[in-house]
Amino acid sequence: MRTIKCIIVDDEPLAISLLENYVRKTPFLELVFSAENPITALEYIRNNHCDLIFLDIQMPELTGINFMKIVGDTHKYILTTAYSEYALEGYEHHVVDYLLKPISFERFHKSVLKAQERFSFHENTKEPYFFVKSSGQQYRINFNDILYIESIKDYVNIRTVEQEYIVLDTLKSLENQLSEEFIRIHKSFIINLDKVRNIGLKKVILECEQEIPVGESYRANLLGRLK
C-alpha cells in the first residue's frame, strides 16, 4: 500500500497540532500541508496533490461542508468537530469517517485504517476510476476510457472515447491520481499510452486520429517508457 498524502484544515491551532502529532505516529500517512484558513488550503489543493483531508466542519470563513462542495469528490475526507449533533448520513461526498473532539489516538487510528482500506480497494479494482465535477454535475470516469487530458488555463479538458469534460483542476493534480498507463508528453497534455496509434519525434497520434504534440523536455521520458 502506498503512502497516503494528507492535509489538515482546522481553524484551531491546538487541533492542528494534535492531528499533526497523530499523523507522524502513523507509518502509512504523510502530512504534506496544514492550514488554519480554509481558503489557503483550497489554493494548496488547486496546485498540489493530496489524497486525504482532515477537515473541521465549523470554520468562520468557509464551513467544512462548503469546502467539500468546492473541492469535490476527487479527495477523501475525515471530518472533525466539537459538536455531536452532526451526522454523516446526509453528506454526498467521499467522507470516510467522523471524529468528535477531543480526539484520542485510538479513535484516530481506527479512522485512518478505514481510509487505508478505501484507498486499497480503489487501487485494486479492475476498472480504476475517479469522479470529476463538470457543468455542475459529478461524473465517474473510468481510466480506460480516457484518451488524453489537456490543460486550458485554469481548467482541464478530459477527453474520453465518448465525450469530453471541462473540469476546474490542474494537470499536476490529475497526473498524481492516474495509473501507470498515463504519461505527460507536453506541458499541456497527458495521454493514455494504451490509446496511441503511432509515435513520432514531435507528435503522437491517438486511436481517435487526434494529434498530440510532444514537448522537447518530455521526449526522453516518453521514449524511455516505450522501451
# chains A, B, ... in the order shown; residues from 1 in each chain; ligands from 1

$ select_by_dssp --residues "stretch 40-123 of chain A" --states "strand (DSSP E or B)" --output "number ranges by chain"
A: 52-56, 76-81, 95-100

$ write_last_selection --atoms "N, CA and C atoms" --output "PDB file, in the first residue's frame"
ATOM      1  N   LEU A  52      -6.025  12.564   1.227  1.00  0.00           N
ATOM      2  CA  LEU A  52      -6.948  12.562   2.365  1.00  0.00           C
ATOM      3  C   LEU A  52      -6.913  13.909   3.062  1.00  0.00           C
ATOM      4  N   ILE A  53      -8.092  14.438   3.399  1.00  0.00           N
ATOM      5  CA  ILE A  53      -8.191  15.743   4.060  1.00  0.00           C
ATOM      6  C   ILE A  53      -8.867  15.587   5.416  1.00  0.00           C
ATOM      7  N   PHE A  54      -8.154  15.947   6.488  1.00  0.00           N
ATOM      8  CA  PHE A  54      -8.757  16.055   7.813  1.00  0.00           C
ATOM      9  C   PHE A  54      -9.380  17.452   7.883  1.00  0.00           C
ATOM     10  N   LEU A  55     -10.698  17.500   7.993  1.00  0.00           N
ATOM     11  CA  LEU A  55     -11.417  18.754   7.759  1.00  0.00           C
ATOM     12  C   LEU A  55     -12.357  19.094   8.913  1.00  0.00           C
ATOM     13  N   ASP A  56     -12.130  20.252   9.519  1.00  0.00           N
ATOM     14  CA  ASP A  56     -13.045  20.746  10.550  1.00  0.00           C
ATOM     15  C   ASP A  56     -14.344  21.211   9.886  1.00  0.00           C
ATOM     16  N   LYS A  76     -10.711  12.221  -0.466  1.00  0.00           N
ATOM     17  CA  LYS A  76     -11.477  11.609   0.622  1.00  0.00           C
ATOM     18  C   LYS A  76     -11.292  12.458   1.868  1.00  0.00           C
ATOM     19  N   TYR A  77     -12.291  12.402   2.748  1.00  0.00           N
ATOM     20  CA  TYR A  77     -12.322  13.295   3.902  1.00  0.00           C
ATOM     21  C   TYR A  77     -12.539  12.527   5.203  1.00  0.00           C
ATOM     22  N   ILE A  78     -11.888  13.004   6.263  1.00  0.00           N
ATOM     23  CA  ILE A  78     -12.232  12.633   7.633  1.00  0.00           C
ATOM     24  C   ILE A  78     -12.626  13.929   8.314  1.00  0.00           C
ATOM     25  N   LEU A  79     -13.895  14.026   8.718  1.00  0.00           N
ATOM     26  CA  LEU A  79     -14.418  15.259   9.293  1.00  0.00           C
ATOM     27  C   LEU A  79     -14.182  15.291  10.799  1.00  0.00           C
ATOM     28  N   THR A  80     -13.885  16.485  11.300  1.00  0.00           N
ATOM     29  CA  THR A  80     -13.676  16.669  12.736  1.00  0.00           C
ATOM     30  C   THR A  80     -14.560  17.813  13.236  1.00  0.00           C
ATOM     31  N   THR A  81     -15.074  17.686  14.459  1.00  0.00           N
ATOM     32  CA  THR A  81     -15.906  18.745  15.029  1.00  0.00           C
ATOM     33  C   THR A  81     -16.043  18.544  16.528  1.00  0.00           C
ATOM     34  N   VAL A  95     -16.765  10.950   2.363  1.00  0.00           N
ATOM     35  CA  VAL A  95     -16.430  11.050   3.779  1.00  0.00           C
ATOM     36  C   VAL A  95     -16.142   9.659   4.314  1.00  0.00           C
ATOM     37  N   VAL A  96     -14.918   9.478   4.812  1.00  0.00           N
ATOM     38  CA  VAL A  96     -14.506   8.182   5.342  1.00  0.00           C
ATOM     39  C   VAL A  96     -15.017   7.990   6.759  1.00  0.00           C
ATOM     40  N   ASP A  97     -14.939   9.053   7.568  1.00  0.00           N
ATOM     41  CA  ASP A  97     -15.320   8.923   8.972  1.00  0.00           C
ATOM     42  C   ASP A  97     -15.557  10.305   9.557  1.00  0.00           C
ATOM     43  N   TYR A  98     -16.031  10.292  10.793  1.00  0.00           N
ATOM     44  CA  TYR A  98     -16.397  11.495  11.526  1.00  0.00           C
ATOM     45  C   TYR A  98     -15.767  11.398  12.911  1.00  0.00           C
ATOM     46  N   LEU A  99     -14.944  12.366  13.294  1.00  0.00           N
ATOM     47  CA  LEU A  99     -14.259  12.340  14.586  1.00  0.00           C
ATOM     48  C   LEU A  99     -14.766  13.465  15.475  1.00  0.00           C
ATOM     49  N   LEU A 100     -15.155  13.094  16.673  1.00  0.00           N
ATOM     50  CA  LEU A 100     -15.650  14.078  17.643  1.00  0.00           C
ATOM     51  C   LEU A 100     -14.510  14.520  18.555  1.00  0.00           C
TER      52      LEU A 100
END

$ residues_around --residues "A:Ile183" --least-positions-apart "2" --cutoff "8 Å" --atoms "only C-alpha atoms" --output "number ranges by chain"
A: 175, 180-181, 185, 190-193, 222

$ residues_around --residues "A:Asn47" --least-positions-apart "4" --cutoff "10 Å" --atoms "only C-alpha atoms" --output "ChimeraX atom specification"
/A:42-43,169-173

$ write_last_selection --atoms "N, CA, C and O atoms" --output "compact mmCIF listing (two decimals), in the first residue's frame"
# COMPACT_ATOMS: atom_id res chain seq x y z
N LEU A 42 -7.55 25.59 0.05
CA LEU A 42 -8.09 25.46 -1.32
C LEU A 42 -7.02 25.78 -2.35
O LEU A 42 -6.90 25.11 -3.37
N GLU A 43 -6.24 26.82 -2.09
CA GLU A 43 -5.18 27.20 -3.02
C GLU A 43 -4.12 26.11 -3.10
O GLU A 43 -3.61 25.81 -4.19
N ASP A 169 -9.43 22.16 -12.51
CA ASP A 169 -8.37 21.37 -11.88
C ASP A 169 -7.06 21.64 -12.62
O ASP A 169 -7.02 22.45 -13.55
N THR A 170 -5.99 20.98 -12.19
CA THR A 170 -4.70 21.15 -12.85
C THR A 170 -4.19 19.81 -13.37
O THR A 170 -4.56 18.75 -12.84
N LEU A 171 -3.33 19.84 -14.38
CA LEU A 171 -2.72 18.61 -14.88
C LEU A 171 -1.91 17.92 -13.79
O LEU A 171 -1.91 16.70 -13.68
N LYS A 172 -1.23 18.71 -12.98
CA LYS A 172 -0.39 18.14 -11.92
C LYS A 172 -1.23 17.32 -10.95
O LYS A 172 -0.86 16.22 -10.56
N SER A 173 -2.38 17.86 -10.56
CA SER A 173 -3.25 17.14 -9.63
C SER A 173 -3.75 15.84 -10.24
O SER A 173 -3.71 14.78 -9.59

$ residues_around --residues "stretch 107-116 of chain A" --least-positions-apart "2" --cutoff "12 Å" --atoms "only C-alpha atoms" --output "VMD selection string"
chain A and resid 1 to 6 18 to 30 51 to 54 75 to 80 94 to 105 118 to 123

$ closest_atom_pairs --of "stretch 94-194 of chain A" --to "stretch 202-209 of chain A" --cutoff "12 Å" --atoms "only C-alpha atoms" --output "CSV"
residue,atom,partner,partner_atom,distance
A:Asp145,CA,A:Glu207,CA,11.9
A:Ile146,CA,A:Leu206,CA,11.1
A:Leu147,CA,A:Leu206,CA,7.5
A:Tyr148,CA,A:Leu206,CA,8.8
A:Arg159,CA,A:Cys208,CA,10.5
A:Thr160,CA,A:Cys208,CA,9.9
A:Val161,CA,A:Cys208,CA,7.9
A:Glu162,CA,A:Cys208,CA,10.4
A:Gln163,CA,A:Cys208,CA,11.8
A:Arg184,CA,A:Val204,CA,11.9
A:Ile185,CA,A:Lys203,CA,9.1
A:His186,CA,A:Lys203,CA,9.8
A:Phe189,CA,A:Val204,CA,11.1
A:Ile190,CA,A:Val204,CA,11.3
A:Ile191,CA,A:Leu206,CA,8.7
A:Asn192,CA,A:Leu206,CA,8.7
A:Leu193,CA,A:Leu206,CA,8.7
A:Asp194,CA,A:Leu206,CA,9.0

$ write_last_selection --atoms "N, CA, C and O atoms" --output "PDB file, in the first residue's frame"
ATOM      1  N   ASP A 145     -11.242   4.711 -20.342  1.00  0.00           N
ATOM      2  CA  ASP A 145     -11.997   5.471 -21.349  1.00  0.00           C
ATOM      3  C   ASP A 145     -11.296   6.766 -21.750  1.00  0.00           C
ATOM      4  O   ASP A 145     -11.698   7.417 -22.723  1.00  0.00           O
ATOM      5  N   ILE A 146     -10.279   7.175 -21.008  1.00  0.00           N
ATOM      6  CA  ILE A 146      -9.620   8.458 -21.262  1.00  0.00           C
ATOM      7  C   ILE A 146      -8.646   8.345 -22.435  1.00  0.00           C
ATOM      8  O   ILE A 146      -7.808   7.437 -22.483  1.00  0.00           O
ATOM      9  N   LEU A 147      -8.756   9.266 -23.373  1.00  0.00           N
ATOM     10  CA  LEU A 147      -7.809   9.351 -24.487  1.00  0.00           C
ATOM     11  C   LEU A 147      -6.650  10.267 -24.131  1.00  0.00           C
ATOM     12  O   LEU A 147      -5.482   9.891 -24.249  1.00  0.00           O
ATOM     13  N   TYR A 148      -6.987  11.484 -23.709  1.00  0.00           N
ATOM     14  CA  TYR A 148      -5.956  12.435 -23.296  1.00  0.00           C
ATOM     15  C   TYR A 148      -6.583  13.489 -22.387  1.00  0.00           C
ATOM     16  O   TYR A 148      -7.810  13.618 -22.296  1.00  0.00           O
ATOM     17  N   ARG A 159     -10.671  14.251 -22.250  1.00  0.00           N
ATOM     18  CA  ARG A 159     -11.300  13.727 -23.476  1.00  0.00           C
ATOM     19  C   ARG A 159     -11.369  12.209 -23.389  1.00  0.00           C
ATOM     20  O   ARG A 159     -10.344  11.529 -23.282  1.00  0.00           O
ATOM     21  N   THR A 160     -12.571  11.694 -23.409  1.00  0.00           N
ATOM     22  CA  THR A 160     -12.769  10.258 -23.357  1.00  0.00           C
ATOM     23  C   THR A 160     -13.219   9.743 -24.725  1.00  0.00           C
ATOM     24  O   THR A 160     -13.394  10.511 -25.668  1.00  0.00           O
ATOM     25  N   VAL A 161     -13.413   8.449 -24.813  1.00  0.00           N
ATOM     26  CA  VAL A 161     -13.842   7.825 -26.066  1.00  0.00           C
ATOM     27  C   VAL A 161     -15.172   8.411 -26.528  1.00  0.00           C
ATOM     28  O   VAL A 161     -15.402   8.601 -27.726  1.00  0.00           O
ATOM     29  N   GLU A 162     -16.046   8.741 -25.594  1.00  0.00           N
ATOM     30  CA  GLU A 162     -17.410   9.165 -25.944  1.00  0.00           C
ATOM     31  C   GLU A 162     -17.644  10.664 -25.868  1.00  0.00           C
ATOM     32  O   GLU A 162     -18.415  11.218 -26.633  1.00  0.00           O
ATOM     33  N   GLN A 163     -16.985  11.363 -24.915  1.00  0.00           N
ATOM     34  CA  GLN A 163     -17.249  12.784 -24.760  1.00  0.00           C
ATOM     35  C   GLN A 163     -16.092  13.461 -24.042  1.00  0.00           C
ATOM     36  O   GLN A 163     -15.061  12.841 -23.779  1.00  0.00           O
ATOM     37  N   ARG A 184       2.736  12.202 -19.131  1.00  0.00           N
ATOM     38  CA  ARG A 184       2.716  13.589 -19.587  1.00  0.00           C
ATOM     39  C   ARG A 184       3.749  13.740 -20.696  1.00  0.00           C
ATOM     40  O   ARG A 184       4.930  13.423 -20.500  1.00  0.00           O
ATOM     41  N   ILE A 185       3.326  14.214 -21.867  1.00  0.00           N
ATOM     42  CA  ILE A 185       4.240  14.332 -23.003  1.00  0.00           C
ATOM     43  C   ILE A 185       4.428  15.787 -23.447  1.00  0.00           C
ATOM     44  O   ILE A 185       5.145  16.058 -24.411  1.00  0.00           O
ATOM     45  N   HIS A 186       3.779  16.698 -22.744  1.00  0.00           N
ATOM     46  CA  HIS A 186       3.831  18.119 -23.104  1.00  0.00           C
ATOM     47  C   HIS A 186       3.383  18.889 -21.872  1.00  0.00           C
ATOM     48  O   HIS A 186       2.682  18.335 -21.014  1.00  0.00           O
ATOM     49  N   PHE A 189      -0.360  18.482 -21.992  1.00  0.00           N
ATOM     50  CA  PHE A 189      -1.045  17.241 -22.352  1.00  0.00           C
ATOM     51  C   PHE A 189      -0.553  16.031 -21.558  1.00  0.00           C
ATOM     52  O   PHE A 189       0.659  15.844 -21.375  1.00  0.00           O
ATOM     53  N   ILE A 190      -1.509  15.217 -21.136  1.00  0.00           N
ATOM     54  CA  ILE A 190      -1.271  13.862 -20.639  1.00  0.00           C
ATOM     55  C   ILE A 190      -2.013  12.929 -21.586  1.00  0.00           C
ATOM     56  O   ILE A 190      -3.154  13.199 -21.966  1.00  0.00           O
ATOM     57  N   ILE A 191      -1.369  11.814 -21.961  1.00  0.00           N
ATOM     58  CA  ILE A 191      -2.044  10.862 -22.851  1.00  0.00           C
ATOM     59  C   ILE A 191      -2.129   9.485 -22.205  1.00  0.00           C
ATOM     60  O   ILE A 191      -1.380   9.158 -21.279  1.00  0.00           O
ATOM     61  N   ASN A 192      -3.074   8.696 -22.705  1.00  0.00           N
ATOM     62  CA  ASN A 192      -3.203   7.297 -22.318  1.00  0.00           C
ATOM     63  C   ASN A 192      -2.407   6.474 -23.337  1.00  0.00           C
ATOM     64  O   ASN A 192      -2.764   6.406 -24.510  1.00  0.00           O
ATOM     65  N   LEU A 193      -1.309   5.863 -22.890  1.00  0.00           N
ATOM     66  CA  LEU A 193      -0.450   5.112 -23.810  1.00  0.00           C
ATOM     67  C   LEU A 193      -1.194   3.971 -24.499  1.00  0.00           C
ATOM     68  O   LEU A 193      -0.843   3.573 -25.613  1.00  0.00           O
ATOM     69  N   ASP A 194      -2.215   3.447 -23.845  1.00  0.00           N
ATOM     70  CA  ASP A 194      -2.982   2.353 -24.443  1.00  0.00           C
ATOM     71  C   ASP A 194      -3.817   2.812 -25.639  1.00  0.00           C
ATOM     72  O   ASP A 194      -4.345   1.981 -26.382  1.00  0.00           O
TER      73      ASP A 194
END

$ closest_residue --among "A:Ile7, A:Ile166, A:Leu223, A:Ile45" --to "A:Gln137" --atoms "only C-alpha atoms"
A:Ile166

$ closest_residue --among "A:Ile141, A:Arg46, A:Asn221, A:Asn66" --to "A:Tyr155" --atoms "only C-alpha atoms"
A:Arg46

$ residues_around --residues "A:Pro38" --least-positions-apart "5" --cutoff "9 Å" --atoms "only C-alpha atoms" --output "list in words"
Val9, Asp10, Asp11, Glu43, Met59, Glu61, Leu62, Thr63, Gly64 and Phe67 of chain A

$ write_last_selection --atoms "C-alpha atoms" --output "CSV table (one decimal), in the first residue's frame"
chain,number,residue,atom,x,y,z
A,9,VAL,CA,-7.7,22.1,7.7
A,10,ASP,CA,-8.8,23.5,11.1
A,11,ASP,CA,-9.1,27.0,12.4
A,43,GLU,CA,-5.2,27.2,-3.0
A,59,MET,CA,-14.8,27.3,10.4
A,61,GLU,CA,-14.6,31.8,6.6
A,62,LEU,CA,-15.8,28.6,5.0
A,63,THR,CA,-17.5,25.6,6.5
A,64,GLY,CA,-16.2,22.1,6.0
A,67,PHE,CA,-15.2,23.3,1.4

$ decode --residues "stretch 201-217 of chain A" --atoms "N, CA, C and O atoms" --output "PDB file, in the first residue's frame"
ATOM      1  N   LEU A 201       8.782  11.870 -33.411  1.00  0.00           N
ATOM      2  CA  LEU A 201       9.645  12.647 -32.517  1.00  0.00           C
ATOM      3  C   LEU A 201       8.930  13.873 -31.957  1.00  0.00           C
ATOM      4  O   LEU A 201       9.212  14.323 -30.850  1.00  0.00           O
ATOM      5  N   LYS A 202       7.979  14.421 -32.739  1.00  0.00           N
ATOM      6  CA  LYS A 202       7.339  15.663 -32.314  1.00  0.00           C
ATOM      7  C   LYS A 202       5.847  15.535 -32.047  1.00  0.00           C
ATOM      8  O   LYS A 202       5.210  16.500 -31.644  1.00  0.00           O
ATOM      9  N   LYS A 203       5.289  14.349 -32.285  1.00  0.00           N
ATOM     10  CA  LYS A 203       3.859  14.192 -32.045  1.00  0.00           C
ATOM     11  C   LYS A 203       3.510  12.722 -31.871  1.00  0.00           C
ATOM     12  O   LYS A 203       4.253  11.831 -32.290  1.00  0.00           O
ATOM     13  N   VAL A 204       2.359  12.489 -31.239  1.00  0.00           N
ATOM     14  CA  VAL A 204       1.781  11.150 -31.196  1.00  0.00           C
ATOM     15  C   VAL A 204       0.398  11.241 -31.820  1.00  0.00           C
ATOM     16  O   VAL A 204      -0.247  12.300 -31.788  1.00  0.00           O
ATOM     17  N   ILE A 205      -0.052  10.154 -32.408  1.00  0.00           N
ATOM     18  CA  ILE A 205      -1.389  10.090 -32.983  1.00  0.00           C
ATOM     19  C   ILE A 205      -2.167   9.028 -32.223  1.00  0.00           C
ATOM     20  O   ILE A 205      -1.721   7.883 -32.096  1.00  0.00           O
ATOM     21  N   LEU A 206      -3.313   9.425 -31.717  1.00  0.00           N
ATOM     22  CA  LEU A 206      -4.138   8.522 -30.927  1.00  0.00           C
ATOM     23  C   LEU A 206      -5.097   7.737 -31.815  1.00  0.00           C
ATOM     24  O   LEU A 206      -5.247   8.029 -33.007  1.00  0.00           O
ATOM     25  N   GLU A 207      -5.760   6.754 -31.230  1.00  0.00           N
ATOM     26  CA  GLU A 207      -6.717   5.928 -31.979  1.00  0.00           C
ATOM     27  C   GLU A 207      -7.846   6.756 -32.579  1.00  0.00           C
ATOM     28  O   GLU A 207      -8.429   6.377 -33.590  1.00  0.00           O
ATOM     29  N   CYS A 208      -8.162   7.888 -31.942  1.00  0.00           N
ATOM     30  CA  CYS A 208      -9.239   8.754 -32.434  1.00  0.00           C
ATOM     31  C   CYS A 208      -8.756   9.692 -33.536  1.00  0.00           C
ATOM     32  O   CYS A 208      -9.498  10.589 -33.949  1.00  0.00           O
ATOM     33  N   GLU A 209      -7.505   9.511 -33.997  1.00  0.00           N
ATOM     34  CA  GLU A 209      -6.859  10.328 -35.025  1.00  0.00           C
ATOM     35  C   GLU A 209      -6.401  11.690 -34.508  1.00  0.00           C
ATOM     36  O   GLU A 209      -5.902  12.522 -35.273  1.00  0.00           O
ATOM     37  N   GLN A 210      -6.557  11.944 -33.217  1.00  0.00           N
ATOM     38  CA  GLN A 210      -6.107  13.213 -32.648  1.00  0.00           C
ATOM     39  C   GLN A 210      -4.585  13.236 -32.566  1.00  0.00           C
ATOM     40  O   GLN A 210      -3.960  12.298 -32.081  1.00  0.00           O
ATOM     41  N   GLU A 211      -3.979  14.325 -33.053  1.00  0.00           N
ATOM     42  CA  GLU A 211      -2.529  14.504 -32.942  1.00  0.00           C
ATOM     43  C   GLU A 211      -2.211  15.321 -31.692  1.00  0.00           C
ATOM     44  O   GLU A 211      -2.806  16.363 -31.461  1.00  0.00           O
ATOM     45  N   ILE A 212      -1.260  14.826 -30.889  1.00  0.00           N
ATOM     46  CA  ILE A 212      -0.853  15.496 -29.663  1.00  0.00           C
ATOM     47  C   ILE A 212       0.633  15.825 -29.756  1.00  0.00           C
ATOM     48  O   ILE A 212       1.448  14.940 -30.065  1.00  0.00           O
ATOM     49  N   PRO A 213       1.040  17.077 -29.524  1.00  0.00           N
ATOM     50  CA  PRO A 213       2.457  17.432 -29.621  1.00  0.00           C
ATOM     51  C   PRO A 213       3.273  16.823 -28.480  1.00  0.00           C
ATOM     52  O   PRO A 213       2.776  16.637 -27.371  1.00  0.00           O
ATOM     53  N   VAL A 214       4.534  16.509 -28.784  1.00  0.00           N
ATOM     54  CA  VAL A 214       5.463  16.010 -27.773  1.00  0.00           C
ATOM     55  C   VAL A 214       6.440  17.141 -27.438  1.00  0.00           C
ATOM     56  O   VAL A 214       7.173  17.615 -28.309  1.00  0.00           O
ATOM     57  N   GLY A 215       6.436  17.588 -26.193  1.00  0.00           N
ATOM     58  CA  GLY A 215       7.357  18.640 -25.782  1.00  0.00           C
ATOM     59  C   GLY A 215       8.783  18.128 -25.727  1.00  0.00           C
ATOM     60  O   GLY A 215       9.030  16.979 -25.356  1.00  0.00           O
ATOM     61  N   GLU A 216       9.723  18.985 -26.084  1.00  0.00           N
ATOM     62  CA  GLU A 216      11.126  18.567 -26.139  1.00  0.00           C
ATOM     63  C   GLU A 216      11.611  18.028 -24.798  1.00  0.00           C
ATOM     64  O   GLU A 216      12.332  17.027 -24.747  1.00  0.00           O
ATOM     65  N   SER A 217      11.211  18.677 -23.700  1.00  0.00           N
ATOM     66  CA  SER A 217      11.691  18.251 -22.384  1.00  0.00           C
ATOM     67  C   SER A 217      11.031  16.959 -21.905  1.00  0.00           C
ATOM     68  O   SER A 217      11.452  16.372 -20.915  1.00  0.00           O
TER      69      SER A 217
END
